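S.K.: First the structure, which I've put down as structure tokens, then a few questions once you've had a look.
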Amino acid sequence: MYKQAIAAGGLAVVTGGASGVGFAAAERFAQAGLGVVLADLPGEALDQAAEKLRGQVKQGAPVLAVPVDVSKAEDLAALADAAFGAGEVAVLMNNAGISRPSGSWDGADAWRAMIEVNLFGVLNGVQACLPRMIAAARPAVVVNTGSKQGITTPPGNPGYNVSKAGVKVLTEMLAHDLRQAEAPISAHLFVPGFTYTGMIARHIPEKPAAAWTPEQTVDHLLTRMEADDFYILCPDNDVTPERDRRRVTWALGDILENRPALSRWHPDYADAFEDFEQS
């Protein structure tokens, strides 16, 4: 549906759009001829991003900067009002996300923050915009940014993994419900690989060789959306698509083979997983 949405024109609404993957996506949508509604926390980064985009959109296409906290449903309702007040929405990209350290039996505040932003932020965006997008009955796409950590759930940050696993399930159900409603709208689960964003740059001053740039990641997203893919797992300079498939297959195998949870990281299965990944 992405090609039809671009051909029909309108606006792209991008949360977390002031930097990183969100801003790279906003640039691509602007270059494709859409107006852009950038949503992010208020501040200089959002204002500067909007100003930069105004030099890239086609003449007459609007660029709006809307300060939001995606964890607040009322902020997303105001974002929807601003967007539909400026035109029809062709692309809704629920991209805003955060990461905080968490543990299985500690860090409750971090758990709540990540679930409120990463999961409810997506749900708030969907519920604020989808009724009007469906009523418009025009081609459109919804892109929800997930994570490989929400699919293979590696140890280290269970709160983050749970929030992104929720995004996966929410987006799968959204795709099904849109089909059932026969709406001309497709949903896509966008799963970046290792991407060098500003958040990583604060800790690693130079881009690691393994990482992709935000632009590479977004270009992969758009290519796969044009092919009508739902699951869009992005590779990087270290992890190939085949390696991703093997990791996902092994994770599912824990259930099918009745292995211990997260056996990929279990010492008794380390050699078996390495052989499977390399085979």
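If you're wondering about the labels, chains in the structure tokens are A, B, ... by order shown, residues count from 1 in each chain, ligands from 1 in order shown.
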Where does segment 137-240 of chain A meet segment 1-18 of chain A within 6 Å, residue by residue, with the nearest atom pair and distance in Å to one decimal for each, counting only C-alpha atoms, listed by chain and rising number, as a Markdown table?
M.R.:
| residue | atom | partner | partner_atom | distance |
| --- | --- | --- | --- | --- |
| A:Pro139 | CA | A:Ala5 | CA | 4.6 |
| A:Ala140 | CA | A:Ala5 | CA | 4.8 |
| A:Ser186 | CA | A:Met1 | CA | 5.9 |
| A:Glu226 | CA | A:Tyr2 | CA | 5.7 |
S.K.: What's around Asn144 of chain A at 7 Å? Count only C-alpha atoms, leave out sequence neighbours fewer than 2 positions away in its own chain, and write the answer as a PDB file with all heavy atoms, in the first residue's frame.
M.R.:
ATOM      1  N   MET A  93       3.853   7.051  11.382  1.00  0.00           N
ATOM      2  CA  MET A  93       5.018   6.303  11.862  1.00  0.00           C
ATOM      3  C   MET A  93       5.164   6.519  13.360  1.00  0.00           C
ATOM      4  O   MET A  93       5.590   7.585  13.809  1.00  0.00           O
ATOM      5  CB  MET A  93       6.288   6.728  11.133  1.00  0.00           C
ATOM      6  CG  MET A  93       7.507   5.913  11.525  1.00  0.00           C
ATOM      7  SD  MET A  93       8.918   6.268  10.445  1.00  0.00           S
ATOM      8  CE  MET A  93      10.145   5.141  11.141  1.00  0.00           C
ATOM      9  N   ASN A  94       4.789   5.495  14.126  1.00  0.00           N
ATOM     10  CA  ASN A  94       4.922   5.529  15.579  1.00  0.00           C
ATOM     11  C   ASN A  94       6.319   5.027  15.933  1.00  0.00           C
ATOM     12  O   ASN A  94       6.546   3.820  16.073  1.00  0.00           O
ATOM     13  CB  ASN A  94       3.842   4.656  16.217  1.00  0.00           C
ATOM     14  CG  ASN A  94       2.451   5.199  15.986  1.00  0.00           C
ATOM     15  OD1 ASN A  94       2.134   6.319  16.378  1.00  0.00           O
ATOM     16  ND2 ASN A  94       1.612   4.411  15.335  1.00  0.00           N
ATOM     17  N   ASN A  95       7.231   5.958  16.083  1.00  0.00           N
ATOM     18  CA  ASN A  95       8.648   5.624  16.169  1.00  0.00           C
ATOM     19  C   ASN A  95       9.286   5.971  17.511  1.00  0.00           C
ATOM     20  O   ASN A  95      10.343   5.441  17.847  1.00  0.00           O
ATOM     21  CB  ASN A  95       9.383   6.360  15.035  1.00  0.00           C
ATOM     22  CG  ASN A  95      10.884   6.253  15.136  1.00  0.00           C
ATOM     23  OD1 ASN A  95      11.458   5.193  14.878  1.00  0.00           O
ATOM     24  ND2 ASN A  95      11.534   7.343  15.536  1.00  0.00           N
ATOM     25  N   VAL A 122       2.859   3.906  21.080  1.00  0.00           N
ATOM     26  CA  VAL A 122       2.379   3.389  19.792  1.00  0.00           C
ATOM     27  C   VAL A 122       0.859   3.249  19.807  1.00  0.00           C
ATOM     28  O   VAL A 122       0.174   3.669  18.869  1.00  0.00           O
ATOM     29  CB  VAL A 122       3.043   2.029  19.490  1.00  0.00           C
ATOM     30  CG1 VAL A 122       2.429   1.395  18.246  1.00  0.00           C
ATOM     31  CG2 VAL A 122       4.549   2.207  19.304  1.00  0.00           C
ATOM     32  N   VAL A 142       0.677   2.463   8.165  1.00  0.00           N
ATOM     33  CA  VAL A 142       1.057   2.665   9.563  1.00  0.00           C
ATOM     34  C   VAL A 142       2.349   1.893   9.788  1.00  0.00           C
ATOM     35  O   VAL A 142       2.413   0.691   9.494  1.00  0.00           O
ATOM     36  CB  VAL A 142      -0.022   2.171  10.529  1.00  0.00           C
ATOM     37  CG1 VAL A 142       0.416   2.403  11.975  1.00  0.00           C
ATOM     38  CG2 VAL A 142      -1.347   2.848  10.251  1.00  0.00           C
ATOM     39  N   GLY A 146       9.483  -1.466  16.133  1.00  0.00           N
ATOM     40  CA  GLY A 146       9.724  -2.477  17.144  1.00  0.00           C
ATOM     41  C   GLY A 146      11.210  -2.643  17.396  1.00  0.00           C
ATOM     42  O   GLY A 146      12.005  -1.706  17.260  1.00  0.00           O
ATOM     43  N   THR A 171       1.020  -4.632  16.532  1.00  0.00           N
ATOM     44  CA  THR A 171       1.067  -4.356  15.100  1.00  0.00           C
ATOM     45  C   THR A 171       0.530  -5.526  14.298  1.00  0.00           C
ATOM     46  O   THR A 171      -0.136  -5.337  13.263  1.00  0.00           O
ATOM     47  CB  THR A 171       2.510  -4.010  14.679  1.00  0.00           C
ATOM     48  OG1 THR A 171       3.050  -3.032  15.573  1.00  0.00           O
ATOM     49  CG2 THR A 171       2.543  -3.444  13.269  1.00  0.00           C
ATOM     50  N   HIS A 188       2.839  -2.097   9.206  1.00  0.00           N
ATOM     51  CA  HIS A 188       4.173  -2.680   9.038  1.00  0.00           C
ATOM     52  C   HIS A 188       4.929  -2.619  10.352  1.00  0.00           C
ATOM     53  O   HIS A 188       4.924  -1.579  11.040  1.00  0.00           O
ATOM     54  CB  HIS A 188       4.959  -1.914   7.969  1.00  0.00           C
ATOM     55  CG  HIS A 188       4.240  -1.821   6.659  1.00  0.00           C
ATOM     56  ND1 HIS A 188       4.407  -2.727   5.641  1.00  0.00           N
ATOM     57  CD2 HIS A 188       3.299  -0.932   6.223  1.00  0.00           C
ATOM     58  CE1 HIS A 188       3.620  -2.409   4.628  1.00  0.00           C
ATOM     59  NE2 HIS A 188       2.930  -1.313   4.961  1.00  0.00           N
ATOM     60  N   LEU A 189       5.592  -3.729  10.702  1.00  0.00           N
ATOM     61  CA  LEU A 189       6.443  -3.774  11.881  1.00  0.00           C
ATOM     62  C   LEU A 189       7.877  -3.515  11.437  1.00  0.00           C
ATOM     63  O   LEU A 189       8.492  -4.339  10.752  1.00  0.00           O
ATOM     64  CB  LEU A 189       6.337  -5.130  12.578  1.00  0.00           C
ATOM     65  CG  LEU A 189       7.180  -5.282  13.845  1.00  0.00           C
ATOM     66  CD1 LEU A 189       6.674  -4.351  14.952  1.00  0.00           C
ATOM     67  CD2 LEU A 189       7.185  -6.733  14.319  1.00  0.00           C
ATOM     68  N   PHE A 190       8.399  -2.368  11.816  1.00  0.00           N
ATOM     69  CA  PHE A 190       9.740  -1.909  11.422  1.00  0.00           C
ATOM     70  C   PHE A 190      10.713  -2.264  12.541  1.00  0.00           C
ATOM     71  O   PHE A 190      10.545  -1.818  13.680  1.00  0.00           O
ATOM     72  CB  PHE A 190       9.686  -0.397  11.185  1.00  0.00           C
ATOM     73  CG  PHE A 190      11.008   0.272  10.967  1.00  0.00           C
ATOM     74  CD1 PHE A 190      11.989  -0.294  10.174  1.00  0.00           C
ATOM     75  CD2 PHE A 190      11.259   1.524  11.530  1.00  0.00           C
ATOM     76  CE1 PHE A 190      13.203   0.344   9.957  1.00  0.00           C
ATOM     77  CE2 PHE A 190      12.457   2.175  11.330  1.00  0.00           C
ATOM     78  CZ  PHE A 190      13.434   1.584  10.542  1.00  0.00           C
TER      79      PHE A 190
END
S.K.: Atom CA of Val191 of chain A to atom CA of Ala261 of chain A: how many Å, to one decimal?
M.R.: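 Result for atom CA of Val191 of chain A versus atom CA of Ala261 of chain A: 22.5 Å, one decimal.
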S.K.: For the interface of segment 130-228 of chain A with segment 23-47 of chain A (cut-off 7 Å, counting only C-alpha atoms), please tabulate each contacting residue of segment 130-228 of chain A alongside its nearest pair of atoms and their separation in Å to one decimal, rows sorted by chain and increasing number, as JSON lines.
M.R.:
{"residue": "A:Pro214", "atom": "CA", "partner": "A:Ala24", "partner_atom": "CA", "distance": 6.0}
{"residue": "A:Glu215", "atom": "CA", "partner": "A:Ala24", "partner_atom": "CA", "distance": 5.5}
{"residue": "A:Val218", "atom": "CA", "partner": "A:Ala25", "partner_atom": "CA", "distance": 5.8}
S.K.: Could you jot down the atom CA of Ala135 of chain A to atom CA of Gly87 of chain A separation for me, Å, one decimal place?
M.R.: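 Calculated distance between atom CA of Ala135 of chain A and atom CA of Gly87 of chain A is 13.7 Å.
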S.K.: If you count only C-alpha atoms, which residues fall within 8 Å of Asn124 of chain A, apart from same-chain ones fewer than 5 positions away, as a list in words?
M.R.: Val70, Ser71, Lys72, Ala73 and Leu76 of chain A
S.K.: Write out as a list in words the set of residues from segment 101-250 of chain A that DSSP, computed on the backbone, places in strand (DSSP E or B).
M.R.: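 After running DSSP on the backbone, segment 101-250 of chain A has strand (DSSP E or B) at Gly103, Asp106, Ala140, Val141, Val142, Val143, Asn144, Thr145, Ile185, Ser186, Ala187, His188, Leu189, Phe190, Val191, Thr195, Trp212, Tyr231, Ile232 and Leu233 of chain A.
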S.K.: What would the file look like if the residues just selected were written as a PDB file, in the first residue's frame with C-alpha atoms?
M.R.:
ATOM      1  CA  GLY A 103      15.944  -6.135  35.779  1.00  0.00           C
ATOM      2  CA  ASP A 106      14.034  -4.443  40.080  1.00  0.00           C
ATOM      3  CA  ALA A 140      -2.226   4.937   3.801  1.00  0.00           C
ATOM      4  CA  VAL A 141       0.335   3.036   5.859  1.00  0.00           C
ATOM      5  CA  VAL A 142       1.057   2.665   9.563  1.00  0.00           C
ATOM      6  CA  VAL A 143       4.654   1.945  10.592  1.00  0.00           C
ATOM      7  CA  ASN A 144       5.336   0.889  14.172  1.00  0.00           C
ATOM      8  CA  THR A 145       8.961   0.712  15.279  1.00  0.00           C
ATOM      9  CA  ILE A 185      -4.366   0.860   4.944  1.00  0.00           C
ATOM     10  CA  SER A 186      -1.442  -1.457   5.574  1.00  0.00           C
ATOM     11  CA  ALA A 187       0.456  -1.904   8.836  1.00  0.00           C
ATOM     12  CA  HIS A 188       4.173  -2.680   9.038  1.00  0.00           C
ATOM     13  CA  LEU A 189       6.443  -3.774  11.881  1.00  0.00           C
ATOM     14  CA  PHE A 190       9.740  -1.909  11.422  1.00  0.00           C
ATOM     15  CA  VAL A 191      12.655  -3.585  13.211  1.00  0.00           C
ATOM     16  CA  THR A 195      21.890   1.730  13.835  1.00  0.00           C
ATOM     17  CA  TRP A 212      24.222   1.199   9.670  1.00  0.00           C
ATOM     18  CA  TYR A 231       7.850  -7.879   9.047  1.00  0.00           C
ATOM     19  CA  ILE A 232      10.723  -5.579   8.125  1.00  0.00           C
ATOM     20  CA  LEU A 233      13.843  -6.767   9.965  1.00  0.00           C
TER      21      LEU A 233
END
S.K.: Pick out each residue of segment 140-180 of chain A that DSSP on the backbone tags as alpha helix (DSSP H); I need them as a list in words.
M.R.: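 Residues of segment 140-180 of chain A classed as alpha helix (DSSP H): Pro158, Gly159, Tyr160, Asn161, Val162, Ser163, Lys164, Ala165, Gly166, Val167, Lys168, Val169, Leu170, Thr171, Glu172, Met173, Leu174, Ala175, His176, Asp177, Leu178, Arg179 and Gln180 of chain A.
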S.K.: One decimal, Å: what's the distance from atom CA of Ala165 of chain A over to atom CA of Trp265 of chain A, could you say?
M.R.: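 Distance between the two atoms: 18.6 Å.
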S.K.: Compare A:Arg247, A:Leu79, A:Gln216, A:Met199 by their minimum atom-to-atom distance to Glu274 of chain A, counting only C-alpha atoms, and give me the closest one.
M.R.: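 Of A:Arg247, A:Leu79, A:Gln216, A:Met199, the one nearest Glu274 of chain A is A:Arg247, counting only C-alpha atoms.
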S.K.: Counting only C-alpha atoms, what is within 12 Å of Arg243 of chain A, bar same-chain residues fewer than 3 positions away, as an MDAnalysis selection string?
M.R.: chainID A and resid 193 233:240 246:250 273:274 276:279
S.K.: Which residue, A:Val91, A:Val66, A:Val57, A:Ala110, has the smallest gap to Cys129 of chain A when you use only C-alpha atoms?
M.R.: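 Between A:Val91, A:Val66, A:Val57, A:Ala110, the residue approaching Cys129 of chain A most closely is A:Val91.
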S.K.: So that I can see what lies close to Asn161 of chain A, please list as a list in words the residues with an atom at most 9 Å from it, counting only C-alpha atoms and leaving out residues fewer than 4 positions away in the same chain.
M.R.: Ser147, Lys148, Gln149, Gly150, Ile151, Thr152, Thr153, Pro154, Pro155, Gly156, Asn157, Ala165 and Gly166 of chain A
